[in-house]
$ cat final-v3.txt   # compact mmCIF, C-alpha atoms and all ligand atoms
# COMPACT_ATOMS: atom_id res chain seq x y z
CA MET A 1 -10.14 3.35 -9.24
CA LYS A 2 -9.36 2.10 -5.71
CA ILE A 3 -6.55 -0.07 -4.39
CA LEU A 4 -7.52 -2.79 -1.92
CA VAL A 5 -4.94 -3.40 0.82
CA THR A 6 -5.74 -6.47 2.91
CA GLY A 7 -4.04 -6.41 6.31
CA GLY A 8 -3.68 -2.70 5.64
CA LEU A 9 -3.42 -1.79 9.33
CA GLY A 10 -0.55 -4.21 9.87
CA TYR A 11 3.15 -3.39 10.02
CA ILE A 12 3.99 -3.39 6.31
CA GLY A 13 0.39 -2.81 5.16
CA SER A 14 0.09 0.47 7.08
CA HIS A 15 3.29 1.82 5.55
CA VAL A 16 2.13 0.82 2.05
CA THR A 17 -1.30 2.40 2.67
CA THR A 18 0.44 5.61 3.76
CA LEU A 19 2.52 5.80 0.58
CA LEU A 20 -0.47 4.96 -1.65
CA LEU A 21 -2.46 7.83 -0.11
CA GLN A 22 0.50 10.19 -0.46
CA ASN A 23 0.71 9.15 -4.13
CA GLY A 24 -2.90 10.27 -4.61
CA MET A 25 -4.39 6.78 -4.77
CA GLU A 26 -7.80 5.94 -3.28
CA VAL A 27 -7.41 3.08 -0.83
CA VAL A 28 -9.73 0.50 0.72
CA VAL A 29 -8.17 -1.10 3.79
CA VAL A 30 -9.52 -4.34 5.20
CA ASP A 31 -8.22 -5.84 8.40
CA ASN A 32 -9.70 -8.21 11.01
CA LEU A 33 -7.74 -6.32 13.72
CA GLU A 34 -6.51 -9.64 15.13
CA ASN A 35 -2.88 -8.56 15.03
CA THR A 36 -3.06 -4.75 15.05
CA ARG A 37 -4.98 -1.80 16.51
CA ILE A 38 -7.68 0.40 15.00
CA ASP A 39 -5.72 3.51 16.02
CA VAL A 40 -3.20 2.72 13.27
CA LEU A 41 -5.84 4.40 11.07
CA ASP A 42 -5.30 7.59 13.10
CA GLY A 43 -1.55 7.31 12.56
CA ILE A 44 -2.03 6.98 8.80
CA GLU A 45 -4.39 9.97 8.79
CA SER A 46 -2.03 12.09 10.87
CA ILE A 47 0.78 11.43 8.39
CA THR A 48 -1.19 11.82 5.17
CA GLY A 49 -4.12 14.05 6.13
CA LYS A 50 -6.35 11.41 4.53
CA ARG A 51 -8.36 8.54 6.04
CA PRO A 52 -8.66 5.48 3.81
CA ASN A 53 -11.94 3.55 3.49
CA PHE A 54 -11.79 0.91 6.22
CA LYS A 55 -13.74 -2.31 6.72
CA GLN A 56 -13.12 -4.70 9.61
CA ILE A 57 -13.51 -8.00 7.82
CA ASP A 58 -11.81 -11.37 7.62
CA VAL A 59 -10.66 -12.26 4.11
CA CYS A 60 -11.53 -15.88 4.84
CA ASP A 61 -15.23 -14.92 5.12
CA SER A 62 -16.66 -15.26 1.61
CA ASN A 63 -19.84 -13.33 2.44
CA GLN A 64 -17.91 -10.39 3.89
CA LEU A 65 -15.60 -10.37 0.87
CA LYS A 66 -18.53 -10.48 -1.57
CA ALA A 67 -20.18 -7.54 0.20
CA LEU A 68 -16.87 -5.64 0.02
CA PHE A 69 -16.46 -6.14 -3.73
CA ASP A 70 -20.14 -5.30 -4.28
CA GLU A 71 -19.70 -2.05 -2.36
CA PHE A 72 -16.35 -1.14 -3.96
CA SER A 73 -16.88 -2.22 -7.56
CA ASP A 74 -13.98 0.00 -8.74
CA ILE A 75 -11.17 -1.92 -7.03
CA GLY A 76 -8.44 -1.81 -9.67
CA GLY A 77 -5.53 -3.34 -7.76
CA ILE A 78 -5.06 -5.66 -4.78
CA ILE A 79 -2.10 -5.81 -2.37
CA HIS A 80 -2.56 -8.84 -0.12
CA PHE A 81 -0.88 -8.78 3.31
CA ALA A 82 -3.59 -10.32 5.52
CA ALA A 83 -2.10 -13.52 6.93
CA HIS A 84 -0.75 -15.00 10.14
CA LYS A 85 3.02 -14.52 10.26
CA SER A 86 4.52 -16.11 13.37
CA VAL A 87 7.00 -18.80 12.44
CA SER A 88 6.94 -20.40 15.90
CA GLU A 89 3.13 -20.31 16.21
CA SER A 90 2.81 -21.96 12.79
CA VAL A 91 4.93 -24.90 13.98
CA ASN A 92 2.54 -25.46 16.90
CA GLU A 93 -0.69 -24.74 14.99
CA PRO A 94 -0.12 -25.66 11.31
CA LEU A 95 -3.82 -25.96 10.43
CA LYS A 96 -4.52 -22.45 11.75
CA TYR A 97 -1.93 -21.23 9.24
CA TYR A 98 -3.04 -23.35 6.28
CA ASP A 99 -6.72 -22.46 6.88
CA ASN A 100 -6.15 -18.75 7.30
CA ASN A 101 -3.27 -17.97 4.97
CA LEU A 102 -4.30 -20.19 2.07
CA GLY A 103 -8.06 -19.98 2.66
CA GLY A 104 -7.95 -16.19 2.66
CA LEU A 105 -5.77 -16.09 -0.44
CA GLN A 106 -8.14 -18.36 -2.37
CA GLN A 107 -11.23 -16.38 -1.39
CA LEU A 108 -9.54 -13.18 -2.52
CA LEU A 109 -8.28 -14.64 -5.78
CA LYS A 110 -11.83 -15.55 -6.81
CA HIS A 111 -12.68 -11.85 -6.83
CA ALA A 112 -9.38 -10.79 -8.37
CA LEU A 113 -9.79 -13.27 -11.23
CA ALA A 114 -13.45 -12.32 -11.83
CA LYS A 115 -12.34 -8.85 -12.90
CA ALA A 116 -8.67 -9.51 -13.79
CA VAL A 117 -7.55 -7.20 -10.99
CA PRO A 118 -3.73 -6.91 -10.79
CA PHE A 119 -2.50 -8.67 -7.65
CA ILE A 120 0.56 -8.23 -5.41
CA PHE A 121 1.33 -11.04 -2.95
CA SER A 122 3.32 -10.66 0.26
CA SER A 123 5.79 -13.52 0.17
CA SER A 124 8.99 -14.09 2.09
CA CYS A 125 12.63 -15.10 1.73
CA THR A 126 11.75 -17.92 4.08
CA VAL A 127 10.68 -19.90 0.99
CA TYR A 128 14.38 -20.37 0.17
CA GLY A 129 15.22 -22.19 3.40
CA GLN A 130 19.01 -22.26 3.83
CA SER A 131 20.13 -21.34 0.34
CA ASP A 132 23.27 -22.99 -1.02
CA THR A 133 24.35 -19.79 -2.72
CA LEU A 134 24.64 -16.21 -1.47
CA PRO A 135 23.41 -13.65 -2.27
CA ILE A 136 20.11 -15.42 -3.00
CA SER A 137 18.57 -14.89 -6.43
CA GLU A 138 15.01 -15.69 -7.53
CA ASN A 139 16.35 -18.64 -9.55
CA GLU A 140 17.58 -20.35 -6.41
CA PRO A 141 15.74 -23.68 -6.12
CA LEU A 142 13.26 -23.56 -3.22
CA LYS A 143 14.04 -25.99 -0.47
CA GLN A 144 11.73 -27.61 2.06
CA ALA A 145 10.12 -24.71 3.92
CA THR A 146 11.44 -24.48 7.49
CA SER A 147 7.95 -23.89 8.94
CA PRO A 148 4.24 -24.18 8.06
CA TYR A 149 4.31 -20.38 7.79
CA GLY A 150 6.98 -20.69 5.11
CA SER A 151 4.96 -23.44 3.39
CA THR A 152 1.92 -21.16 3.18
CA LYS A 153 4.06 -18.60 1.36
CA LYS A 154 5.49 -21.21 -0.99
CA ILE A 155 2.10 -22.80 -1.73
CA GLY A 156 0.53 -19.35 -2.01
CA GLU A 157 3.02 -18.44 -4.73
CA GLN A 158 2.19 -21.67 -6.57
CA ILE A 159 -1.57 -21.01 -6.39
CA ILE A 160 -1.11 -17.54 -7.87
CA GLU A 161 1.22 -18.79 -10.60
CA ASP A 162 -1.36 -21.43 -11.58
CA CYS A 163 -4.11 -18.78 -11.67
CA CYS A 164 -2.00 -16.58 -13.96
CA ARG A 165 -1.36 -19.52 -16.25
CA ALA A 166 -5.08 -20.32 -16.44
CA ASN A 167 -6.26 -16.73 -16.88
CA PRO A 168 -4.47 -14.90 -19.73
CA ASP A 169 -5.61 -11.44 -18.60
CA PHE A 170 -4.64 -11.81 -14.90
CA ASN A 171 -1.24 -10.58 -13.79
CA ALA A 172 0.51 -10.75 -10.44
CA ILE A 173 3.76 -9.93 -8.69
CA LEU A 174 5.11 -12.02 -5.81
CA LEU A 175 7.41 -10.06 -3.50
CA ARG A 176 9.81 -12.09 -1.38
CA TYR A 177 10.67 -9.84 1.57
CA PHE A 178 13.89 -10.26 3.43
CA ASN A 179 13.88 -8.85 6.99
CA PRO A 180 11.63 -5.80 7.38
CA VAL A 181 12.74 -3.41 10.15
CA GLY A 182 12.26 0.22 11.09
CA ALA A 183 9.25 2.53 11.21
CA HIS A 184 7.83 5.58 9.48
CA PRO A 185 10.14 8.60 10.04
CA SER A 186 7.25 10.40 11.78
CA ALA A 187 7.20 7.62 14.46
CA LYS A 188 3.39 7.66 14.08
CA ILE A 189 3.19 4.13 12.65
CA GLY A 190 5.49 1.16 13.13
CA GLU A 191 5.68 -2.45 14.22
CA LEU A 192 3.20 -3.59 16.91
CA PRO A 193 4.41 -7.04 17.95
CA LYS A 194 1.78 -9.02 19.88
CA GLY A 195 3.10 -10.28 23.22
CA ILE A 196 6.79 -11.19 23.39
CA PRO A 197 8.42 -10.14 20.10
CA GLN A 198 9.74 -13.05 18.05
CA ASN A 199 11.85 -10.86 15.78
CA LEU A 200 15.23 -9.37 16.63
CA VAL A 201 14.69 -5.63 16.27
CA PRO A 202 11.45 -5.21 18.25
CA TYR A 203 12.88 -7.43 21.00
CA LEU A 204 16.05 -5.31 20.97
CA THR A 205 14.20 -1.99 21.23
CA GLN A 206 11.94 -3.32 24.02
CA THR A 207 15.10 -4.42 25.88
CA VAL A 208 16.71 -0.97 25.52
CA LYS A 209 13.42 0.57 26.71
CA GLY A 210 13.52 -1.68 29.78
CA ILE A 211 10.49 -3.79 28.90
CA ARG A 212 12.72 -6.88 28.54
CA PRO A 213 15.70 -7.54 30.87
CA VAL A 214 18.20 -8.67 28.25
CA LEU A 215 18.44 -9.49 24.54
CA LYS A 216 19.39 -13.10 23.96
CA VAL A 217 21.59 -13.58 20.88
CA PHE A 218 20.64 -16.99 19.52
CA GLY A 219 23.93 -18.70 18.67
CA SER A 220 27.48 -17.38 18.61
CA SER A 221 29.40 -20.10 16.83
CA TYR A 222 27.83 -20.23 13.40
CA ASN A 223 30.11 -20.41 10.38
CA THR A 224 30.05 -16.61 9.91
CA PRO A 225 32.76 -13.97 10.51
CA ASP A 226 31.59 -13.20 14.07
CA GLY A 227 29.71 -16.44 14.75
CA THR A 228 26.22 -14.90 14.66
CA CYS A 229 23.52 -15.26 11.98
CA ILE A 230 23.46 -13.00 8.98
CA ARG A 231 20.29 -11.38 7.53
CA ASP A 232 19.27 -8.69 5.03
CA TYR A 233 17.53 -5.99 7.10
CA ILE A 234 15.44 -3.70 4.89
CA HIS A 235 13.76 -0.47 6.04
CA VAL A 236 9.97 -0.88 5.99
CA MET A 237 9.77 2.38 4.02
CA ASP A 238 11.97 0.89 1.29
CA LEU A 239 9.81 -2.22 1.36
CA ALA A 240 6.64 -0.14 1.10
CA ASP A 241 8.11 1.74 -1.84
CA ALA A 242 8.77 -1.57 -3.60
CA HIS A 243 5.01 -2.23 -3.48
CA ILE A 244 4.21 1.16 -5.01
CA ALA A 245 6.73 0.58 -7.80
CA SER A 246 5.37 -2.95 -8.39
CA LEU A 247 1.76 -1.68 -8.52
CA ASP A 248 2.72 1.02 -11.03
CA TYR A 249 4.41 -1.65 -13.13
CA LEU A 250 1.36 -3.95 -13.02
CA LEU A 251 -1.08 -1.15 -13.88
CA LYS A 252 1.07 -0.14 -16.84
CA ASN A 253 1.19 -3.78 -18.01
CA LYS A 254 -2.45 -4.68 -17.31
CA ASN A 255 -3.93 -7.74 -18.94
CA THR A 256 -0.57 -9.12 -19.95
CA SER A 257 -0.67 -12.44 -18.18
CA SER A 258 2.45 -12.61 -16.07
CA CYS A 259 3.45 -13.80 -12.67
CA GLU A 260 6.87 -12.54 -11.66
CA VAL A 261 8.77 -13.16 -8.45
CA TYR A 262 11.07 -10.46 -7.01
CA ASN A 263 13.38 -10.45 -4.01
CA VAL A 264 13.00 -7.29 -1.94
CA GLY A 265 16.13 -6.67 0.11
CA THR A 266 19.14 -4.40 0.38
CA GLY A 267 21.60 -7.01 -0.92
CA ARG A 268 23.71 -6.51 2.23
CA GLY A 269 24.20 -9.24 4.83
CA VAL A 270 24.41 -8.03 8.44
CA SER A 271 25.15 -10.22 11.49
CA VAL A 272 23.26 -9.96 14.77
CA LEU A 273 26.34 -8.49 16.48
CA GLU A 274 26.83 -5.99 13.65
CA LEU A 275 23.19 -4.95 14.00
CA ILE A 276 23.59 -4.45 17.75
CA GLN A 277 26.72 -2.37 17.21
CA THR A 278 25.03 -0.30 14.47
CA PHE A 279 22.03 0.33 16.74
CA GLU A 280 24.33 1.55 19.55
CA GLU A 281 26.24 3.84 17.22
CA ALA A 282 23.06 5.21 15.60
CA THR A 283 21.18 5.87 18.85
CA GLY A 284 23.84 6.28 21.53
CA GLU A 285 21.96 3.64 23.56
CA LYS A 286 23.56 0.52 25.04
CA VAL A 287 22.02 -2.86 24.21
CA PRO A 288 22.21 -5.33 27.12
CA TYR A 289 22.65 -8.75 25.50
CA GLU A 290 23.95 -12.22 26.24
CA PHE A 291 24.62 -15.27 24.09
CA ALA A 292 22.13 -18.14 24.18
CA ASP A 293 21.67 -21.43 22.36
CA PRO A 294 20.93 -21.33 18.64
CA ARG A 295 17.21 -21.05 17.78
CA PRO A 296 15.91 -24.21 16.05
CA GLY A 297 15.05 -23.60 12.41
CA ASP A 298 17.23 -20.51 11.97
CA THR A 299 19.12 -20.30 8.72
CA VAL A 300 22.77 -19.29 9.11
CA SER A 301 22.90 -16.64 6.43
CA ALA A 302 20.36 -15.07 4.06
CA TYR A 303 20.66 -11.89 2.03
CA ALA A 304 19.20 -10.87 -1.31
CA ASP A 305 20.39 -10.55 -4.84
CA ALA A 306 17.91 -7.73 -5.56
CA SER A 307 19.15 -6.96 -9.06
CA LYS A 308 16.03 -8.32 -10.82
CA ILE A 309 13.56 -5.86 -9.24
CA GLU A 310 15.99 -3.02 -9.89
CA LYS A 311 16.38 -4.00 -13.55
CA ILE A 312 12.71 -4.66 -14.36
CA ILE A 313 10.71 -2.56 -11.88
CA GLY A 314 13.32 0.15 -11.29
CA TRP A 315 13.28 -0.12 -7.48
CA LYS A 316 16.33 -0.15 -5.20
CA ALA A 317 16.64 0.17 -1.43
CA LYS A 318 17.72 3.64 -0.34
CA TYR A 319 17.74 3.71 3.47
CA SER A 320 20.81 2.74 5.51
CA LEU A 321 20.75 0.28 8.41
CA GLU A 322 21.50 3.22 10.72
CA GLU A 323 18.35 5.02 9.50
CA SER A 324 16.30 1.84 9.88
CA LEU A 325 17.43 1.24 13.45
CA SER A 326 17.12 4.89 14.48
CA SER A 327 13.53 4.87 13.21
CA SER A 328 12.83 1.65 15.15
CA TRP A 329 14.11 3.28 18.33
CA ASN A 330 12.15 6.52 17.76
CA TRP A 331 8.99 4.46 17.25
CA GLU A 332 9.64 2.38 20.40
CA LYS A 333 10.18 5.54 22.46
CA ASN A 334 6.95 6.97 21.07
CA LEU A 335 4.93 3.84 21.86
CA ASN A 336 2.76 3.90 24.94
CA SER A 337 2.83 0.14 25.19
C1 LIG B 1 16.81 -12.53 12.84
C2 LIG B 1 18.09 -13.00 13.51
C3 LIG B 1 17.75 -14.83 15.03
C4 LIG B 1 15.46 -12.68 18.02
C5 LIG B 1 11.59 -14.10 10.31
C6 LIG B 1 10.70 -14.91 9.42
C7 LIG B 1 10.65 -14.27 8.06
C8 LIG B 1 10.22 -12.83 8.20
C9 LIG B 1 11.16 -12.09 9.12
C10 LIG B 1 7.87 -12.68 7.92
C11 LIG B 1 18.14 -14.52 13.59
C12 LIG B 1 18.27 -13.59 15.75
C13 LIG B 1 16.16 -13.01 16.88
C14 LIG B 1 16.13 -12.62 19.28
C15 LIG B 1 18.17 -13.23 18.18
N1 LIG B 1 8.92 -12.74 8.70
N2 LIG B 1 17.50 -13.26 16.96
N3 LIG B 1 17.47 -12.89 19.30
O1 LIG B 1 13.98 -15.43 11.70
O2 LIG B 1 15.35 -14.10 10.01
O3 LIG B 1 12.89 -14.12 9.81
O4 LIG B 1 11.14 -12.77 10.38
O5 LIG B 1 7.80 -12.66 6.74
O6 LIG B 1 9.72 -14.96 7.27
O7 LIG B 1 11.27 -16.18 9.26
O8 LIG B 1 13.96 -12.89 11.67
O9 LIG B 1 14.18 -11.19 13.45
O10 LIG B 1 13.32 -13.51 14.06
O11 LIG B 1 15.72 -13.20 13.48
O12 LIG B 1 19.39 -13.49 18.22
O13 LIG B 1 15.53 -12.34 20.36
O14 LIG B 1 18.11 -12.53 14.84
O15 LIG B 1 18.39 -15.99 15.53
O16 LIG B 1 19.48 -14.91 13.42
P1 LIG B 1 14.12 -14.24 10.82
P2 LIG B 1 14.22 -12.67 13.24
$ encode --input "final-v3.txt" --output "structure tokens"
Amino acid sequence: MKILVTGGLGYIGSHVTTLLLQNGMEVVVVDNLENTRIDVLDGIESITGKRPNFKQIDVCDSNQLKALFDEFSDIGGIIHFAAHKSVSESVNEPLKYYDNNLGGLQQLLKHALAKAVPFIFSSSCTVYGQSDTLPISENEPLKQATSPYGSTKKIGEQIIEDCCRANPDFNAILLRYFNPVGAHPSAKIGELPKGIPQNLVPYLTQTVKGIRPVLKVFGSSYNTPDGTCIRDYIHVMDLADAHIASLDYLLKNKNTSSCEVYNVGTGRGVSVLELIQTFEEATGEKVPYEFADPRPGDTVSAYADASKIEKIIGWKAKYSLEESLSSSWNWEKNLNS
């Protein structure tokens, strides 16, 4: 049996692929290489000693997908990462996001449903918007998504839930990630932001490396203890492990029609200033930063109640923020950008 990982050369996908291979699974990676590099395959091989099957295809292309499932008829699980993920780009180009993220998902689901292949969907805490309660549990009512990117995650979840309801032998897990950070301890794979990083940690490490002049902290007078936004930063290795645990759970409960949503976070809220301070303490490096205006669309505070995935799937985050940020810095230093 093989596990299909779409977007498997991406940031989270490559870490999941690495763990799957190290767990003895056979993996088929598909990626259109739009937002990553083919040499991520070399990084995965250098860590695991194994090279997964790889096909450069676009999940929106029905002919390419059909050929893939014809060639690999023993795909027994699907982990779907392939999607555009820039919040700001989605605001400027909503149709690009709806076409790609929802079009790709629907093409893939046709094949998953045809053979009742267990399905894991990469969702995001962004579906909650600014939650009224903290920590955020899965029962929190979903608010208006704060971007078309967030809408594609919310609508994607709904599509999968409807498919599970209509197909009694199809089961799926929807994982709502909080803020993925860090890199593989080997520093051989990690985050490869395209252009100017939108997210805090890659922008921070590029600033410390001298690629960026200064880190701008967006907003310093929010209603939080130190005035800066609070997030739940989870090590990408912990996040990858949550996918392995979820896949094991689905394979053990095959053909029981279910569609469960799980938050994947540490349960700890950390402010931007706390993250900067933790980075400096963990690495001994100084972070040049200055305060700037708040970023439109930012939620003030978001961190997970991750008790459901711990109770049902048996997963819990293990890495500390210090370990996450040290691994981000080691990766940045190792990158020949
Ligand atoms: C974190 C905090 C910023 C950059 C997004 C997506 C979410 C998920 C993770 C995909 C915020 C502040 C940032 C900077 C800053 N992505 N910041 N200076 O916005 O919480 O979540 O990425 O699934 O869906 O919405 O992450 O890292 O962009 O921001 O001060 O240069 O850091 O204001 O408070 P975010 P982020």
$ residues_around --input "final-v3.txt" --residues "A:Leu9" --least-positions-apart "2" --cutoff "8 Å" --atoms "all atoms listed in the file" --output "list in words"
Gly7, Tyr11, Gly13, Ser14, Val29, Val30, Asp31, Leu33, Thr36, Arg37, Ile38, Val40 and Leu41 of chain A
$ closest_residue --input "final-v3.txt" --among "A:Cys125, A:Ala145, A:Ala306, A:Leu113" --to "A:Pro168" --atoms "only C-alpha atoms"
A:Leu113
$ atom_distance --input "final-v3.txt" --atom1 "atom CA of A:Tyr97" --atom2 "atom CA of A:Asp39"
25.9 Å
$ atom_distance --input "final-v3.txt" --atom1 "atom CA of A:Val117" --atom2 "atom CA of A:Asn263"
22.3 Å
$ residues_around --input "final-v3.txt" --residues "A:Asp58" --least-positions-apart "5" --cutoff "10 Å" --atoms "all atoms listed in the file" --output "ChimeraX atom specification"
/A:6-7,30-34,63-65,82-83,100,104
$ residues_near_ligand --input "final-v3.txt" --ligand "ligand LIG 1 (chain B)" --cutoff "6 Å" --atoms "all atoms listed in the file" --output "ChimeraX atom specification"
/A:85,87,124,126,179,198-200,203,215-218,229,272,295,298
